[in-house]
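Have a look at the structure below before the remarks.
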Number of protein chains: 2
Amino acid sequence: MSSELNHTIHRQHHHFGWDNSNPPVLTIAPGQTVAFDTVDASGGQLGPDSTVADVGTLDFGKVNPVTGPVFIDGAEPGDALKVTIDSFRPSGWGWTANIPGFGLLADQFTEPALHVWKYDAQSMAPALFGPGGRVPLKPFCGTIGVAPGEAGAHSIVPPRRVGGNMDIRDLAAGTTLYLPVEVAGALFSVGDTHACQGDGEVCGTAIESPMEVVLGFDLVKRAELPFPRFETPGPVSRHLDEKGYFVTTGIGPDLMEGARAAVSRMVEEIARAQGIPAVDAYMLCSVCADLRISEIVDQPNWVVSFYFPKVVFD
Amino acid sequence: MSSELNHTIHRQHHHFGWDNSNPPVLTIAPGQTVAFDTVDASGGQLGPDSTVADVGTLDFGKVNPVTGPVFIDGAEPGDALKVTIDSFRPSGWGWTANIPGFGLLADQFTEPALHVWKYDAQSMAPALFGPGGRVPLKPFCGTIGVAPGEAGAHSIVPPRRVGGNMDIRDLAAGTTLYLPVEVAGALFSVGDTHACQGDGEVCGTAIESPMEVVLGFDLVKRAELPFPRFETPGPVSRHLDEKGYFVTTGIGPDLMEGARAAVSRMVEEIARAQGIPAVDAYMLCSVCADLRISEIVDQPNWVVSFYFPKVVFD
């Protein structure tokens with residue numbers, strides 16, 4: 001850790017949804033560092049011994065709790081909150097689910113499914129999946145943001161210009177994130193930690209894994225950011241890229257349909273090649289494969305590509 | 001080159017647009033290897049000595065010529081044409097333009113602009129851009145495809161399920177591409193070679209650079225591909241990733257608007273940080289920065305991220 005730890009916020013200090021009237025659990029000065037203990041994205045409804053039956057009975061009022069909020073002294077609307085993502089202390093277990101009605105291919109995968117993962121939180125060796133799958137890990141914050149300026153309660157599910165449930169897999173150790181501040185004190189919260197995820201999070205869940213995360217805070221006055229931005233200190237895909245990729249594409253006038261076509265075909269190919277159920281291939285793609293926009297200018301058709309890292313089955 | 005070269009097709013054997021009545025310039029057996037000499041995407045209208053005035057007078061009837069077509073013996077509708085991308089012999093020059101009415105931010109950049117590049121075709125050292133920019137090179141085929149089954153002439157600009165102007169930056173040396181065949185003999189053509197490009201090709205052009213490209217051909221019978229797919233033999237971003245990335249985001253219910261927001265902000269930031277005109281930053285982003293879909297499931301808002309490699313200005 002680059003700076004002295006000033007505070008720890010324990011997991012009982014969490015909230016559901018965003019609301020700028022939530023009272024802060026801590027007030028800090030810019031320059032301070034805080035450890036956050038997070039609850040998993042099910043809000044504790046799923047655990048290491050859960051079964052698929054538990055997915056069907058999830059209470060959606062309790063999903064995606066975030067630990068906080070933290071009031072940062074001097075933060076004002078128009079500023080950027082600079083968050084330095086210092087380190088993670090992963091728990092060693094996690095879950096990935098297909099939740100009916102949720103996910104890019106919700107129309108194709110209508111039944112609940114669950115995969116519970118165990119991984120070595122010390123070595124962070126790749127997590128095993130079925131016969132022969134090895135998924136490289138890279139912990140990050142799925143939900144990280146500040147309170148929206150608009151009064152009232154707002155769902156935690158959609159990300160917003162103030163951040164939140166962005167599920168950006170490169171908000172990992174070493175990255176610096178800048179969030180647009182909309183209320184005095186910013187009111188920062190974090191949760192939904194993931195042991196790994198591909199770009200897109202296509203089935204709707206990653207390796208959902210509770211962790212402690214240590215973050216540093218600072219302010220950039222009057223940054224006037226339209227949306228969050230971030231900066232990585234080095235490569236972002238080297239845990240995945242060594243053996244290359246299998247890639248499917250979707251081509252047409254709609255990026256969403258292109259993404260659906262590319263993912264759908266990859267799921268078919270992985271399921272067939274590995275002899276696993278399609279829903280398992282879908283969940284596996286969600287935790288390791290990346291959606292990229294290869295071409296967005298050759299009107300009227302765009303190309304979305306889905307990159308599955310060969311290293312998983314090498 | 002992994003296999004013996006069987007044929008060379010010179011650049012005068014090119015065509016504009018796709019039409020399955022174009023007569024083949026060569027017939028080969030599966031297993032053969034062919035060298036293609038390509039014309040640049042302007043069809044020779046721009047050259048190393050061109051100026052921005054030449055962008056304004058481009059004849060769009062002559063853009064994006066492709067060399068071919070090649071008839072592959074035994075190829076039938078429903079098969080996949082397997083194309084092994086063997087090697088490139090780059091020309092050492094290229095161009096990037098902002099062409100009014102074309103590109104992701106066409107509404108913001110309404111005036112023509114042109115950057116002519118010189119690079120060392122032997123060393124393939126990064127190409128220089130303005131004061132301090134160094135753009136890593138990675139040659140690939142921008143347009144690579146087979147004739148569509150539908151009769152008649154079809155514009156070369158949009159990519160299709162049979163491939164074509166896909167502008168996928170990883171169709172580089174060592175990659176194996178599988179194209180859906182829609183007509184007997186497949187009728188393969190290639191052109192629009194690029195010295196480098198970011199995912200998205202956001203300004204509409206890359207480093208447009210004529211090259212010779214060597215390709216091997218084979219067939220996968222009855223593959224029934226919905227769209228092209230490909231396989232890379234190793235990492236795809238290591239020429240760019242060493243120093244990490246600056247990343248902007250766009251968050252909202254429309255992927256296209258998200259992409260536009262992320263690119264627009266990155267262009268502003270690069271222009272300001274480097275003290276260069278915005279249109280130069282836009283063209284630079286097009287040749288080196290990558291559009292990724294970070295999150296596509298947290299309804300109703302998706303996250304598109306735009307990754308600019310720090311190595312360019314390091």
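Ordering of the structure tokens sets the chain letters (A, B, ...); residue numbers start at 1 within each chain; ligands are numbered from 1 in the order shown.
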
(message) as an MDAnalysis selection string, please: the residues near Ala153 in chain A (cut-off 9 Å, only C-alpha atoms, same-chain neighbours under 3 positions excluded).
(response) chainID A and resid 17:21 150

Could you list, as a compact mmCIF listing (two decimals) with all heavy atoms, in the first residue's frame, the residues of chain A having an atom within 7 Å of chain B when counting only C-alpha atoms?
# COMPACT_ATOMS: atom_id res chain seq x y z
N GLY A 103 -29.20 -10.33 -18.32
CA GLY A 103 -28.08 -10.80 -19.15
C GLY A 103 -28.34 -10.55 -20.62
O GLY A 103 -29.48 -10.38 -21.06
N LEU A 104 -27.26 -10.54 -21.41
CA LEU A 104 -27.33 -10.19 -22.83
C LEU A 104 -28.17 -11.17 -23.62
O LEU A 104 -28.83 -10.80 -24.60
CB LEU A 104 -25.90 -10.13 -23.40
CG LEU A 104 -25.75 -9.68 -24.85
CD1 LEU A 104 -26.24 -8.25 -25.04
CD2 LEU A 104 -24.30 -9.81 -25.29
N VAL A 157 -28.69 -0.77 -9.97
CA VAL A 157 -28.32 -1.61 -11.12
C VAL A 157 -27.68 -0.82 -12.27
O VAL A 157 -26.57 -1.13 -12.69
CB VAL A 157 -29.51 -2.46 -11.59
CG1 VAL A 157 -29.16 -3.22 -12.87
CG2 VAL A 157 -29.91 -3.46 -10.50
N PRO A 158 -28.35 0.20 -12.81
CA PRO A 158 -27.69 0.90 -13.93
C PRO A 158 -26.56 1.81 -13.48
O PRO A 158 -26.70 2.54 -12.49
CB PRO A 158 -28.83 1.72 -14.55
CG PRO A 158 -29.85 1.86 -13.49
CD PRO A 158 -29.73 0.67 -12.59
N PRO A 159 -25.45 1.79 -14.20
CA PRO A 159 -24.41 2.80 -13.95
C PRO A 159 -24.92 4.16 -14.42
O PRO A 159 -25.88 4.24 -15.20
CB PRO A 159 -23.25 2.32 -14.82
CG PRO A 159 -23.90 1.57 -15.94
CD PRO A 159 -25.14 0.93 -15.35
N ARG A 160 -24.28 5.21 -13.95
CA ARG A 160 -24.72 6.59 -14.26
C ARG A 160 -23.47 7.44 -14.52
O ARG A 160 -22.36 6.95 -14.41
CB ARG A 160 -25.48 7.17 -13.06
CG ARG A 160 -26.65 6.30 -12.66
CD ARG A 160 -27.21 6.64 -11.28
NE ARG A 160 -28.20 5.63 -10.91
CZ ARG A 160 -29.44 5.61 -11.38
NH1 ARG A 160 -29.85 6.57 -12.20
NH2 ARG A 160 -30.28 4.64 -11.04
N ARG A 161 -23.71 8.72 -14.82
CA ARG A 161 -22.53 9.56 -15.08
C ARG A 161 -21.67 9.73 -13.83
O ARG A 161 -20.50 10.08 -13.91
CB ARG A 161 -22.90 10.91 -15.70
CG ARG A 161 -23.54 11.91 -14.78
CD ARG A 161 -23.69 13.27 -15.48
NE ARG A 161 -22.42 13.95 -15.62
CZ ARG A 161 -21.89 14.78 -14.71
NH1 ARG A 161 -22.53 15.06 -13.61
NH2 ARG A 161 -20.73 15.36 -14.92
N MET A 166 -20.58 0.14 -12.90
CA MET A 166 -19.97 0.24 -14.23
C MET A 166 -19.41 -1.09 -14.71
O MET A 166 -19.27 -1.31 -15.91
CB MET A 166 -18.87 1.31 -14.23
CG MET A 166 -19.41 2.71 -13.96
SD MET A 166 -18.14 3.99 -14.12
CE MET A 166 -17.14 3.70 -12.66
N ASP A 167 -19.02 -1.94 -13.79
CA ASP A 167 -18.49 -3.26 -14.16
C ASP A 167 -17.38 -3.17 -15.19
O ASP A 167 -17.33 -3.93 -16.16
CB ASP A 167 -19.62 -4.18 -14.65
CG ASP A 167 -20.52 -4.62 -13.49
OD1 ASP A 167 -19.99 -4.94 -12.42
OD2 ASP A 167 -21.75 -4.62 -13.65
N ILE A 168 -16.47 -2.23 -14.99
CA ILE A 168 -15.31 -2.08 -15.88
C ILE A 168 -14.18 -2.91 -15.30
O ILE A 168 -13.68 -2.61 -14.21
CB ILE A 168 -14.89 -0.60 -15.98
CG1 ILE A 168 -16.01 0.24 -16.59
CG2 ILE A 168 -13.60 -0.47 -16.80
CD1 ILE A 168 -15.75 1.75 -16.57
N ASP A 199 -14.81 -8.04 -20.57
CA ASP A 199 -15.50 -6.82 -21.00
C ASP A 199 -16.90 -7.18 -21.48
O ASP A 199 -17.06 -8.01 -22.38
CB ASP A 199 -14.74 -6.15 -22.14
CG ASP A 199 -13.59 -5.29 -21.66
OD1 ASP A 199 -13.72 -4.64 -20.62
OD2 ASP A 199 -12.55 -5.27 -22.34
N GLY A 200 -17.90 -6.55 -20.90
CA GLY A 200 -19.29 -6.80 -21.26
C GLY A 200 -20.07 -7.43 -20.13
O GLY A 200 -21.22 -7.15 -19.95
N GLU A 201 -19.43 -8.33 -19.39
CA GLU A 201 -20.11 -9.10 -18.33
C GLU A 201 -21.37 -9.72 -18.90
O GLU A 201 -22.49 -9.51 -18.38
CB GLU A 201 -20.44 -8.23 -17.10
CG GLU A 201 -20.69 -9.08 -15.85
CD GLU A 201 -21.23 -8.30 -14.65
OE1 GLU A 201 -21.78 -7.21 -14.83
OE2 GLU A 201 -21.08 -8.81 -13.53
N VAL A 202 -21.21 -10.53 -19.94
CA VAL A 202 -22.32 -10.83 -20.83
C VAL A 202 -23.48 -11.59 -20.19
O VAL A 202 -24.63 -11.41 -20.59
CB VAL A 202 -21.84 -11.52 -22.12
CG1 VAL A 202 -20.93 -10.59 -22.90
CG2 VAL A 202 -21.14 -12.85 -21.83
N GLY A 204 -24.38 -11.24 -17.15
CA GLY A 204 -24.94 -10.37 -16.12
C GLY A 204 -24.24 -10.49 -14.79
O GLY A 204 -24.44 -9.65 -13.91
N PHE A 227 -18.30 12.23 -17.90
CA PHE A 227 -18.46 10.85 -17.44
C PHE A 227 -17.19 10.46 -16.69
O PHE A 227 -16.18 11.16 -16.79
CB PHE A 227 -18.66 9.89 -18.63
CG PHE A 227 -20.01 9.98 -19.29
CD1 PHE A 227 -20.14 10.57 -20.54
CD2 PHE A 227 -21.15 9.48 -18.67
CE1 PHE A 227 -21.38 10.67 -21.16
CE2 PHE A 227 -22.39 9.56 -19.28
CZ PHE A 227 -22.51 10.17 -20.52
N PRO A 228 -17.20 9.33 -15.99
CA PRO A 228 -15.96 8.87 -15.36
C PRO A 228 -14.86 8.64 -16.39
O PRO A 228 -15.13 8.33 -17.55
CB PRO A 228 -16.38 7.53 -14.73
CG PRO A 228 -17.85 7.66 -14.50
CD PRO A 228 -18.35 8.47 -15.67
N ARG A 229 -13.63 8.82 -15.96
CA ARG A 229 -12.47 8.42 -16.76
C ARG A 229 -11.49 7.74 -15.83
O ARG A 229 -11.58 7.86 -14.60
CB ARG A 229 -11.84 9.58 -17.50
CG ARG A 229 -11.31 10.69 -16.63
CD ARG A 229 -10.58 11.77 -17.43
NE ARG A 229 -9.37 11.25 -18.02
CZ ARG A 229 -8.17 11.23 -17.40
NH1 ARG A 229 -8.02 11.77 -16.21
NH2 ARG A 229 -7.11 10.71 -17.99
N PHE A 230 -10.55 6.99 -16.39
CA PHE A 230 -9.56 6.35 -15.53
C PHE A 230 -8.26 6.16 -16.29
O PHE A 230 -8.17 6.44 -17.49
CB PHE A 230 -10.08 5.01 -14.96
CG PHE A 230 -10.46 3.96 -15.97
CD1 PHE A 230 -9.58 2.93 -16.30
CD2 PHE A 230 -11.71 3.96 -16.58
CE1 PHE A 230 -9.93 1.93 -17.20
CE2 PHE A 230 -12.07 2.98 -17.49
CZ PHE A 230 -11.18 1.97 -17.80
N GLU A 231 -7.27 5.74 -15.54
CA GLU A 231 -5.92 5.63 -16.08
C GLU A 231 -5.31 4.36 -15.48
O GLU A 231 -5.38 4.15 -14.27
CB GLU A 231 -5.13 6.86 -15.64
CG GLU A 231 -3.86 7.07 -16.36
CD GLU A 231 -3.18 8.39 -15.96
OE1 GLU A 231 -3.87 9.39 -15.66
OE2 GLU A 231 -1.95 8.38 -15.91
N THR A 232 -4.78 3.49 -16.34
CA THR A 232 -4.16 2.27 -15.83
C THR A 232 -2.64 2.44 -15.85
O THR A 232 -2.10 3.11 -16.74
CB THR A 232 -4.54 1.02 -16.66
OG1 THR A 232 -3.74 0.95 -17.84
CG2 THR A 232 -6.02 1.04 -17.05
N PRO A 233 -1.95 1.84 -14.89
CA PRO A 233 -0.50 2.04 -14.80
C PRO A 233 0.28 1.14 -15.76
O PRO A 233 1.49 1.28 -15.89
CB PRO A 233 -0.19 1.65 -13.35
CG PRO A 233 -1.22 0.62 -13.03
CD PRO A 233 -2.46 1.00 -13.80
N GLY A 234 -0.40 0.18 -16.39
CA GLY A 234 0.30 -0.75 -17.26
C GLY A 234 -0.70 -1.55 -18.06
O GLY A 234 -1.88 -1.17 -18.16
N PRO A 235 -0.26 -2.68 -18.63
CA PRO A 235 -1.12 -3.51 -19.47
C PRO A 235 -2.38 -3.94 -18.72
O PRO A 235 -2.38 -4.05 -17.49
CB PRO A 235 -0.25 -4.73 -19.77
CG PRO A 235 1.15 -4.25 -19.61
CD PRO A 235 1.10 -3.23 -18.52
N ASP A 241 -3.89 -12.91 -22.32
CA ASP A 241 -3.62 -12.85 -23.76
C ASP A 241 -2.54 -13.78 -24.28
O ASP A 241 -2.39 -13.93 -25.50
CB ASP A 241 -3.33 -11.40 -24.17
CG ASP A 241 -1.98 -10.89 -23.70
OD1 ASP A 241 -1.22 -11.63 -23.05
OD2 ASP A 241 -1.69 -9.71 -23.98
N GLU A 242 -1.81 -14.42 -23.41
CA GLU A 242 -0.58 -15.09 -23.83
C GLU A 242 -0.75 -16.07 -25.00
O GLU A 242 0.09 -16.14 -25.89
CB GLU A 242 0.02 -15.83 -22.63
CG GLU A 242 1.43 -16.32 -22.88
CD GLU A 242 1.98 -17.08 -21.65
OE1 GLU A 242 1.32 -17.03 -20.59
OE2 GLU A 242 3.03 -17.71 -21.78
N LYS A 243 -1.85 -16.83 -24.98
CA LYS A 243 -2.04 -17.85 -26.01
C LYS A 243 -2.89 -17.37 -27.18
O LYS A 243 -3.22 -18.15 -28.07
CB LYS A 243 -2.70 -19.08 -25.39
CG LYS A 243 -1.94 -19.69 -24.23
CD LYS A 243 -0.68 -20.39 -24.69
CE LYS A 243 0.03 -21.02 -23.49
NZ LYS A 243 1.27 -21.72 -23.91
N GLY A 244 -3.30 -16.11 -27.16
CA GLY A 244 -4.17 -15.61 -28.22
C GLY A 244 -5.63 -15.83 -27.91
O GLY A 244 -6.00 -16.16 -26.78
N TYR A 245 -6.44 -15.65 -28.93
CA TYR A 245 -7.90 -15.61 -28.74
C TYR A 245 -8.63 -16.36 -29.85
O TYR A 245 -8.21 -16.36 -31.00
CB TYR A 245 -8.40 -14.17 -28.77
CG TYR A 245 -7.90 -13.29 -27.65
CD1 TYR A 245 -6.71 -12.56 -27.78
CD2 TYR A 245 -8.61 -13.18 -26.46
CE1 TYR A 245 -6.26 -11.75 -26.75
CE2 TYR A 245 -8.16 -12.37 -25.43
CZ TYR A 245 -6.98 -11.65 -25.58
OH TYR A 245 -6.53 -10.84 -24.57
N PHE A 246 -9.77 -16.95 -29.47
CA PHE A 246 -10.82 -17.31 -30.43
C PHE A 246 -11.75 -16.10 -30.50
O PHE A 246 -12.14 -15.56 -29.46
CB PHE A 246 -11.63 -18.51 -29.96
CG PHE A 246 -10.82 -19.75 -29.74
CD1 PHE A 246 -10.67 -20.28 -28.46
CD2 PHE A 246 -10.23 -20.41 -30.80
CE1 PHE A 246 -9.94 -21.44 -28.25
CE2 PHE A 246 -9.50 -21.58 -30.60
CZ PHE A 246 -9.35 -22.09 -29.33
N VAL A 247 -12.13 -15.70 -31.72
CA VAL A 247 -12.95 -14.51 -31.85
C VAL A 247 -14.15 -14.76 -32.77
O VAL A 247 -13.97 -15.29 -33.87
CB VAL A 247 -12.13 -13.32 -32.40
CG1 VAL A 247 -12.93 -12.02 -32.32
CG2 VAL A 247 -10.80 -13.17 -31.65
N THR A 248 -15.33 -14.39 -32.30
CA THR A 248 -16.52 -14.39 -33.15
C THR A 248 -16.94 -12.95 -33.40
O THR A 248 -16.57 -12.04 -32.65
CB THR A 248 -17.68 -15.13 -32.46
OG1 THR A 248 -17.86 -14.60 -31.14
CG2 THR A 248 -17.40 -16.63 -32.38
N THR A 249 -17.71 -12.74 -34.47
CA THR A 249 -18.13 -11.38 -34.80
C THR A 249 -19.65 -11.32 -35.00
O THR A 249 -20.30 -12.33 -35.26
CB THR A 249 -17.45 -10.86 -36.08
OG1 THR A 249 -17.89 -11.65 -37.20
CG2 THR A 249 -15.94 -10.93 -35.98
N GLY A 250 -20.17 -10.11 -34.89
CA GLY A 250 -21.54 -9.82 -35.28
C GLY A 250 -21.50 -8.55 -36.12
O GLY A 250 -20.89 -7.56 -35.71
N ILE A 251 -22.10 -8.59 -37.30
CA ILE A 251 -21.98 -7.48 -38.26
C ILE A 251 -23.38 -7.01 -38.65
O ILE A 251 -24.21 -7.81 -39.06
CB ILE A 251 -21.20 -7.93 -39.51
CG1 ILE A 251 -19.80 -8.42 -39.11
CG2 ILE A 251 -21.14 -6.82 -40.55
CD1 ILE A 251 -18.98 -8.97 -40.28
N LEU A 255 -25.37 -2.10 -32.82
CA LEU A 255 -24.27 -2.62 -31.99
C LEU A 255 -24.76 -3.69 -31.01
O LEU A 255 -24.07 -4.68 -30.76
CB LEU A 255 -23.59 -1.48 -31.24
CG LEU A 255 -22.82 -0.48 -32.13
CD1 LEU A 255 -22.48 0.77 -31.32
CD2 LEU A 255 -21.54 -1.11 -32.68
N LEU A 291 -15.79 -8.10 -25.09
CA LEU A 291 -16.51 -7.49 -26.21
C LEU A 291 -15.79 -6.24 -26.67
O LEU A 291 -15.55 -5.32 -25.87
CB LEU A 291 -17.92 -7.08 -25.77
CG LEU A 291 -19.03 -8.11 -25.89
CD1 LEU A 291 -20.32 -7.53 -25.32
CD2 LEU A 291 -19.25 -8.56 -27.33
N ARG A 292 -15.49 -6.18 -27.96
CA ARG A 292 -14.80 -5.01 -28.50
C ARG A 292 -15.57 -4.50 -29.72
O ARG A 292 -16.20 -5.28 -30.44
CB ARG A 292 -13.37 -5.39 -28.90
CG ARG A 292 -12.60 -6.05 -27.76
CD ARG A 292 -11.23 -6.54 -28.20
NE ARG A 292 -10.33 -5.44 -28.43
CZ ARG A 292 -9.17 -5.24 -27.80
NH1 ARG A 292 -8.77 -6.11 -26.89
NH2 ARG A 292 -8.42 -4.21 -28.07
N ILE A 293 -15.51 -3.21 -29.95
CA ILE A 293 -16.11 -2.63 -31.16
C ILE A 293 -14.99 -2.50 -32.17
O ILE A 293 -14.14 -1.62 -32.06
CB ILE A 293 -16.77 -1.28 -30.87
CG1 ILE A 293 -17.89 -1.44 -29.84
CG2 ILE A 293 -17.32 -0.68 -32.17
CD1 ILE A 293 -18.56 -0.13 -29.42
N SER A 294 -14.98 -3.41 -33.15
CA SER A 294 -13.86 -3.41 -34.11
C SER A 294 -13.99 -2.28 -35.11
O SER A 294 -12.99 -1.73 -35.57
CB SER A 294 -13.82 -4.75 -34.85
OG SER A 294 -13.53 -5.79 -33.94
N GLU A 295 -15.24 -1.93 -35.45
CA GLU A 295 -15.45 -0.94 -36.52
C GLU A 295 -16.79 -0.29 -36.28
O GLU A 295 -17.79 -0.98 -36.09
CB GLU A 295 -15.37 -1.69 -37.86
CG GLU A 295 -15.69 -0.87 -39.08
CD GLU A 295 -17.18 -0.76 -39.34
OE1 GLU A 295 -17.82 -1.77 -39.56
OE2 GLU A 295 -17.68 0.39 -39.28
N ILE A 296 -16.82 1.05 -36.29
CA ILE A 296 -18.06 1.77 -35.98
C ILE A 296 -18.29 2.91 -36.96
O ILE A 296 -19.01 3.87 -36.68
CB ILE A 296 -18.01 2.26 -34.49
CG1 ILE A 296 -19.38 2.70 -33.98
CG2 ILE A 296 -16.96 3.36 -34.30
CD1 ILE A 296 -19.46 2.89 -32.48
N VAL A 297 -17.71 2.82 -38.15
CA VAL A 297 -17.77 3.94 -39.11
C VAL A 297 -18.18 3.55 -40.53
O VAL A 297 -18.50 4.44 -41.33
CB VAL A 297 -16.40 4.66 -39.18
CG1 VAL A 297 -16.09 5.36 -37.86
CG2 VAL A 297 -15.27 3.70 -39.55
N ASP A 298 -18.16 2.26 -40.87
CA ASP A 298 -18.40 1.85 -42.26
C ASP A 298 -19.89 1.67 -42.49
O ASP A 298 -20.41 0.57 -42.64
CB ASP A 298 -17.61 0.57 -42.57
CG ASP A 298 -16.11 0.78 -42.45
OD1 ASP A 298 -15.65 1.88 -42.81
OD2 ASP A 298 -15.42 -0.14 -41.99
N GLN A 299 -20.59 2.79 -42.50
CA GLN A 299 -22.03 2.79 -42.48
C GLN A 299 -22.63 2.00 -43.63
O GLN A 299 -22.09 2.05 -44.73
CB GLN A 299 -22.56 4.22 -42.46
CG GLN A 299 -21.84 5.16 -43.39
CD GLN A 299 -22.13 6.61 -43.01
OE1 GLN A 299 -22.81 6.91 -42.07
NE2 GLN A 299 -21.59 7.53 -43.78
N PRO A 300 -23.74 1.32 -43.43
CA PRO A 300 -24.53 1.31 -42.19
C PRO A 300 -24.21 0.14 -41.26
O PRO A 300 -24.97 -0.08 -40.33
CB PRO A 300 -25.95 1.17 -42.72
CG PRO A 300 -25.79 0.26 -43.90
CD PRO A 300 -24.45 0.61 -44.50
N ASN A 301 -23.11 -0.58 -41.48
CA ASN A 301 -22.86 -1.79 -40.69
C ASN A 301 -21.64 -1.67 -39.79
O ASN A 301 -20.57 -1.25 -40.24
CB ASN A 301 -22.67 -3.01 -41.61
CG ASN A 301 -23.97 -3.41 -42.30
OD1 ASN A 301 -25.04 -3.00 -41.87
ND2 ASN A 301 -23.86 -4.21 -43.35
N VAL A 303 -19.07 -3.62 -36.70
CA VAL A 303 -18.55 -4.93 -36.34
C VAL A 303 -18.27 -4.97 -34.84
O VAL A 303 -17.48 -4.18 -34.32
CB VAL A 303 -17.23 -5.25 -37.09
CG1 VAL A 303 -16.70 -6.63 -36.67
CG2 VAL A 303 -17.44 -5.20 -38.60

Q | Residues within 9 Å of Ala97 in chain A, only C-alpha atoms, excluding chain neighbours under 4 positions, as a list of chain:residue names | A | A:Val52, A:Val55, A:Pro112, A:Ala113, A:Leu114, A:His115, A:Val116, A:Cys203, A:Gly204, A:Thr205, A:Ala206, A:Ile207, A:Glu208, A:Met283

Show me, as number ranges by chain, the residues that have an atom within 6 Å of Glu182 in chain A when counting only C-alpha atoms, minus same-chain residues fewer than 2 positions from it. A: 77, 148-149

Set the distance at 10 Å and use only C-alpha atoms: which residues neighbour Pro139 in chain A once local chain neighbours fewer than 5 positions away are removed? I'd like the list as an mmCIF file with C-alpha atoms, in the first residue's frame.
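As written to disk, around-v2.cif reads:
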data_model
loop_
_atom_site.group_PDB
_atom_site.id
_atom_site.type_symbol
_atom_site.label_atom_id
_atom_site.label_comp_id
_atom_site.auth_asym_id
_atom_site.auth_seq_id
_atom_site.Cartn_x
_atom_site.Cartn_y
_atom_site.Cartn_z
ATOM 1 C CA SER A 87 -5.210 -3.202 -3.273
ATOM 2 C CA PHE A 88 -7.661 -6.054 -2.741
ATOM 3 C CA ARG A 89 -7.881 -8.751 -0.105
ATOM 4 C CA PRO A 90 -10.046 -11.391 -1.820
ATOM 5 C CA MET A 124 -4.508 -16.019 -6.916
ATOM 6 C CA ARG A 169 -12.817 -4.894 -15.471
ATOM 7 C CA ASP A 170 -9.818 -2.588 -15.434
ATOM 8 C CA LEU A 171 -10.849 -0.773 -12.229
ATOM 9 C CA ALA A 172 -8.235 -3.025 -10.665
ATOM 10 C CA ALA A 173 -5.226 -2.478 -8.394
ATOM 11 C CA THR A 193 -16.218 -6.776 -6.053
ATOM 12 C CA HIS A 194 -15.360 -9.313 -8.746
ATOM 13 C CA ALA A 195 -12.506 -11.832 -8.837
ATOM 14 C CA CYS A 196 -12.533 -11.474 -12.627
ATOM 15 C CA GLN A 197 -14.785 -10.571 -15.546
ATOM 16 C CA ILE A 207 -17.062 -14.067 -10.321
ATOM 17 C CA GLU A 208 -19.029 -12.256 -7.619
ATOM 18 C CA SER A 209 -16.705 -12.364 -4.648
ATOM 19 C CA MET A 211 -13.362 -8.631 -0.696
ATOM 20 C CA VAL A 213 -10.566 -3.085 -0.958
#

| Do you have the CA of His15 in chain A-CA of Val39 in chain A distance handy? |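 Atom-to-atom, CA of His15 in chain A to CA of Val39 in chain A, that is 10.4 Å.
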
_d(CA of Asp120 in chain B, CA of Gly94 in chain B) in Å_ =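 A separation of 11.3 Å between them.
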
Point to revise | Every residue of range 40-279 of chain A that DSSP places in alpha helix (DSSP H), as a ChimeraX atom specification | key: /A:52-56,255-274,278-279

List every residue of range 44-288 of chain A that DSSP, applied to the backbone of this structure, assigns to strand (DSSP E), and report them as a ChimeraX atom specification.
-> /A:66-72,80-90,93-98,113-118,127-129,133-135,140-146,163-164,176-180,188-194,211-220,229-231,245-252

Ranking A:Val63, A:Val135, A:Leu219, A:Val25 by minimum distance to Asp314 in chain A and counting only C-alpha atoms, which one comes first?
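Closest to Asp314 in chain A of all the choices is A:Val135.
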
Expressed in Å to a single decimal, how great is the separation between CA of Asp73 in chain A and CA of Phe36 in chain A?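 About the pair CA of Asp73 in chain A and CA of Phe36 in chain A: they are 18.2 Å apart.
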
From the list A:Val312, A:Ala273, A:Val263, A:Val181, the nearest residue to Pro136 in chain A using only C-alpha atoms is A:Val312
